[in-house]
Amino acid sequence: MRWILLAALAAFSGLCQANTGVAFVHGTGKQTDAYNDYWKPPFVNNIRGGLADPGNYVVINCDFTQYMWHDAAAGCLAEQLTRFINQRGITRLIVITHSNGGNVVRWIMSNPTWDSRYPNIINRIVRVNALAPSSAGTPLADAVIAGNVFESSVGWLLGYKNDAVRMQQTGWMASYNANWLYGTSGRPALPKPFRSVVGTDVDSAIWDADSYCGGYFENVGLETTQLWLSSCSDGFLECSSQSAAGYVWFQDKARMAGREPLSHNQSRRACFGLDSILRADMRN
């Protein structure tokens, strides 16, 4: 009985001393102010408000137009996470990613010997909440690189013909998943939980107020590109790609207010209670 009590006290002491932080990791693009331009303050501020210390947050700004292993991508992410961990004394790190950001984070977790900073980051990570991750790529990337009609219609989403878009071609991601990345079927598990929030549809009816969350014209564009994807998609990624790595935490309609779907743009915005779900998760 005495040993059980001591073990319980030790566990409680460890929890009391834990210092949890959250990192917001953007998707494809070269960001210099992702707080305002990519995520928006209402989303970030509501989520970090769930922390014991709301100041324990970092919004990453890196060049994710590069291949995931590039120094400007994974190297930049590792540097900013390491600085955050050291400056704030973070012992538990929750990572929130969107789209291609999930691939960059998976690169770090799958290749701990690639960079001396990686192991310490992996050790601090509690879990990765991957919002609409492009774990198996997207046919739209194939179309953009091929230079067909998609280039003019979705170039604003994909950043045109950069290396990150080239990397997200479906065949290329299949190769990376088979040889370099963990977490997909038939591959070793990732060292920390990687759980996805899957967007299944796009609404853009002009009379529907919900269609304006995240930007009405962005949702119209995503509903247009959805015509070239499978029936289950967020307008940019098919559900199968979003679900390919780790495990599915939930699909949008199961948890969103009014059973609303999350378009690819809405899954990085304070839409339909997504931010409140992620805020509650900061306490775990």
# chains A, B, ... in the order shown; residues from 1 in each chain; ligands from 1

$ select_by_dssp --residues "range 102-249 of chain A" --states "strand (DSSP E or B)" --output "MDAnalysis selection string"
chainID A and resid 125:131 194:198 233 238 247:249

$ write_last_selection --atoms "N, CA, C and O atoms" --output "PDB file, in the first residue's frame"
ATOM      1  N   ILE A 125       7.045  16.117 -27.582  1.00  0.00           N
ATOM      2  CA  ILE A 125       5.718  16.043 -28.195  1.00  0.00           C
ATOM      3  C   ILE A 125       4.827  15.057 -27.445  1.00  0.00           C
ATOM      4  O   ILE A 125       5.215  13.926 -27.161  1.00  0.00           O
ATOM      5  N   VAL A 126       3.636  15.521 -27.112  1.00  0.00           N
ATOM      6  CA  VAL A 126       2.616  14.664 -26.511  1.00  0.00           C
ATOM      7  C   VAL A 126       1.758  14.035 -27.604  1.00  0.00           C
ATOM      8  O   VAL A 126       1.460  12.848 -27.586  1.00  0.00           O
ATOM      9  N   ARG A 127       1.373  14.870 -28.570  1.00  0.00           N
ATOM     10  CA  ARG A 127       0.562  14.411 -29.705  1.00  0.00           C
ATOM     11  C   ARG A 127       0.560  15.489 -30.775  1.00  0.00           C
ATOM     12  O   ARG A 127       0.860  16.658 -30.506  1.00  0.00           O
ATOM     13  N   VAL A 128       0.195  15.070 -31.971  1.00  0.00           N
ATOM     14  CA  VAL A 128       0.024  15.983 -33.092  1.00  0.00           C
ATOM     15  C   VAL A 128      -1.441  15.934 -33.497  1.00  0.00           C
ATOM     16  O   VAL A 128      -1.974  14.873 -33.816  1.00  0.00           O
ATOM     17  N   ASN A 129      -2.090  17.079 -33.446  1.00  0.00           N
ATOM     18  CA  ASN A 129      -3.457  17.204 -33.956  1.00  0.00           C
ATOM     19  C   ASN A 129      -3.352  17.737 -35.383  1.00  0.00           C
ATOM     20  O   ASN A 129      -3.086  18.920 -35.601  1.00  0.00           O
ATOM     21  N   ALA A 130      -3.511  16.858 -36.345  1.00  0.00           N
ATOM     22  CA  ALA A 130      -3.293  17.186 -37.755  1.00  0.00           C
ATOM     23  C   ALA A 130      -4.629  17.525 -38.407  1.00  0.00           C
ATOM     24  O   ALA A 130      -5.477  16.652 -38.598  1.00  0.00           O
ATOM     25  N   LEU A 131      -4.809  18.789 -38.734  1.00  0.00           N
ATOM     26  CA  LEU A 131      -6.043  19.248 -39.362  1.00  0.00           C
ATOM     27  C   LEU A 131      -5.918  19.101 -40.869  1.00  0.00           C
ATOM     28  O   LEU A 131      -5.053  19.713 -41.492  1.00  0.00           O
ATOM     29  N   PHE A 194      -0.391  10.727 -33.821  1.00  0.00           N
ATOM     30  CA  PHE A 194      -0.653  11.635 -34.938  1.00  0.00           C
ATOM     31  C   PHE A 194      -2.097  11.390 -35.329  1.00  0.00           C
ATOM     32  O   PHE A 194      -2.428  10.375 -35.929  1.00  0.00           O
ATOM     33  N   ARG A 195      -2.975  12.301 -34.947  1.00  0.00           N
ATOM     34  CA  ARG A 195      -4.400  12.066 -35.148  1.00  0.00           C
ATOM     35  C   ARG A 195      -4.986  13.161 -36.022  1.00  0.00           C
ATOM     36  O   ARG A 195      -4.733  14.349 -35.836  1.00  0.00           O
ATOM     37  N   SER A 196      -5.784  12.753 -36.973  1.00  0.00           N
ATOM     38  CA  SER A 196      -6.253  13.686 -37.990  1.00  0.00           C
ATOM     39  C   SER A 196      -7.711  14.084 -37.776  1.00  0.00           C
ATOM     40  O   SER A 196      -8.533  13.302 -37.301  1.00  0.00           O
ATOM     41  N   VAL A 197      -7.989  15.322 -38.130  1.00  0.00           N
ATOM     42  CA  VAL A 197      -9.351  15.825 -38.256  1.00  0.00           C
ATOM     43  C   VAL A 197      -9.637  15.891 -39.749  1.00  0.00           C
ATOM     44  O   VAL A 197      -8.933  16.583 -40.492  1.00  0.00           O
ATOM     45  N   VAL A 198     -10.641  15.167 -40.192  1.00  0.00           N
ATOM     46  CA  VAL A 198     -10.894  14.978 -41.625  1.00  0.00           C
ATOM     47  C   VAL A 198     -12.060  15.836 -42.086  1.00  0.00           C
ATOM     48  O   VAL A 198     -13.169  15.762 -41.536  1.00  0.00           O
ATOM     49  N   SER A 233     -14.293  14.717 -49.758  1.00  0.00           N
ATOM     50  CA  SER A 233     -13.112  15.566 -49.802  1.00  0.00           C
ATOM     51  C   SER A 233     -13.444  16.931 -49.224  1.00  0.00           C
ATOM     52  O   SER A 233     -14.625  17.296 -49.090  1.00  0.00           O
ATOM     53  N   GLU A 238      -8.635  14.558 -50.603  1.00  0.00           N
ATOM     54  CA  GLU A 238      -9.608  13.494 -50.422  1.00  0.00           C
ATOM     55  C   GLU A 238      -9.509  12.947 -48.995  1.00  0.00           C
ATOM     56  O   GLU A 238      -8.452  13.000 -48.361  1.00  0.00           O
ATOM     57  N   TYR A 247      -4.008   8.042 -37.061  1.00  0.00           N
ATOM     58  CA  TYR A 247      -5.389   7.577 -36.979  1.00  0.00           C
ATOM     59  C   TYR A 247      -6.325   8.778 -37.007  1.00  0.00           C
ATOM     60  O   TYR A 247      -5.924   9.917 -36.758  1.00  0.00           O
ATOM     61  N   VAL A 248      -7.568   8.517 -37.346  1.00  0.00           N
ATOM     62  CA  VAL A 248      -8.571   9.583 -37.435  1.00  0.00           C
ATOM     63  C   VAL A 248      -9.094   9.895 -36.042  1.00  0.00           C
ATOM     64  O   VAL A 248      -9.606   9.016 -35.337  1.00  0.00           O
ATOM     65  N   TRP A 249      -8.953  11.132 -35.648  1.00  0.00           N
ATOM     66  CA  TRP A 249      -9.528  11.605 -34.393  1.00  0.00           C
ATOM     67  C   TRP A 249     -11.040  11.755 -34.555  1.00  0.00           C
ATOM     68  O   TRP A 249     -11.811  11.191 -33.814  1.00  0.00           O
TER      69      TRP A 249
END

$ closest_atom_pairs --of "range 77-145 of chain A" --to "range 56-73 of chain A" --cutoff "10 Å" --atoms "only C-alpha atoms" --output "tab-separated table"
residue	atom	partner	partner_atom	distance
A:Leu77	CA	A:Ala73	CA	6.1
A:Ala78	CA	A:Ala73	CA	8.6
A:Glu79	CA	A:Asp71	CA	9.6
A:Gln80	CA	A:Ile60	CA	6.9
A:Leu81	CA	A:Val58	CA	7.9
A:Arg83	CA	A:Val58	CA	9.8
A:Phe84	CA	A:Val58	CA	6.8
A:Ile85	CA	A:Asn56	CA	9.2
A:Gln87	CA	A:Asn56	CA	9.7
A:Arg88	CA	A:Asn56	CA	6.6
A:Gly89	CA	A:Asn56	CA	9.1
A:Ile90	CA	A:Asn56	CA	7.8
A:Leu93	CA	A:Tyr57	CA	9.4
A:Ile94	CA	A:Tyr57	CA	9.5
A:Val95	CA	A:Val58	CA	9.8
A:Ile96	CA	A:Val59	CA	9.8
A:Thr97	CA	A:Ile60	CA	9.9
A:Asn100	CA	A:Phe64	CA	7.9
A:Gly101	CA	A:Phe64	CA	7.7
A:Gly102	CA	A:Met68	CA	9.7
A:Asn103	CA	A:Met68	CA	6.7
A:Val104	CA	A:Met68	CA	4.9
A:Val105	CA	A:Met68	CA	8.5
A:Arg106	CA	A:Met68	CA	9.1
A:Trp107	CA	A:Trp69	CA	6.8
A:Ile108	CA	A:Trp69	CA	8.2
A:Asn111	CA	A:Trp69	CA	9.6
A:Trp114	CA	A:Trp69	CA	9.0

$ closest_residue --among "A:Asn284, A:Ser211, A:Ser116, A:Ser263" --to "Arg92 in chain A" --atoms "only C-alpha atoms"
A:Asn284

$ closest_residue --among "A:Thr184, A:Ser267, A:Thr224, A:Thr28" --to "Gln251 in chain A" --atoms "only C-alpha atoms"
A:Ser267

$ atom_distance --atom1 "CA of Gly50 in chain A" --atom2 "CA of Ala280 in chain A"
6.1 Å

$ atom_distance --atom1 "CA of Asn45 in chain A" --atom2 "CA of Arg255 in chain A"
20.5 Å

$ closest_residue --among "A:Gly75, A:Gly199, A:Pro193, A:Gly215" --to "Glu260 in chain A" --atoms "only C-alpha atoms"
A:Gly199
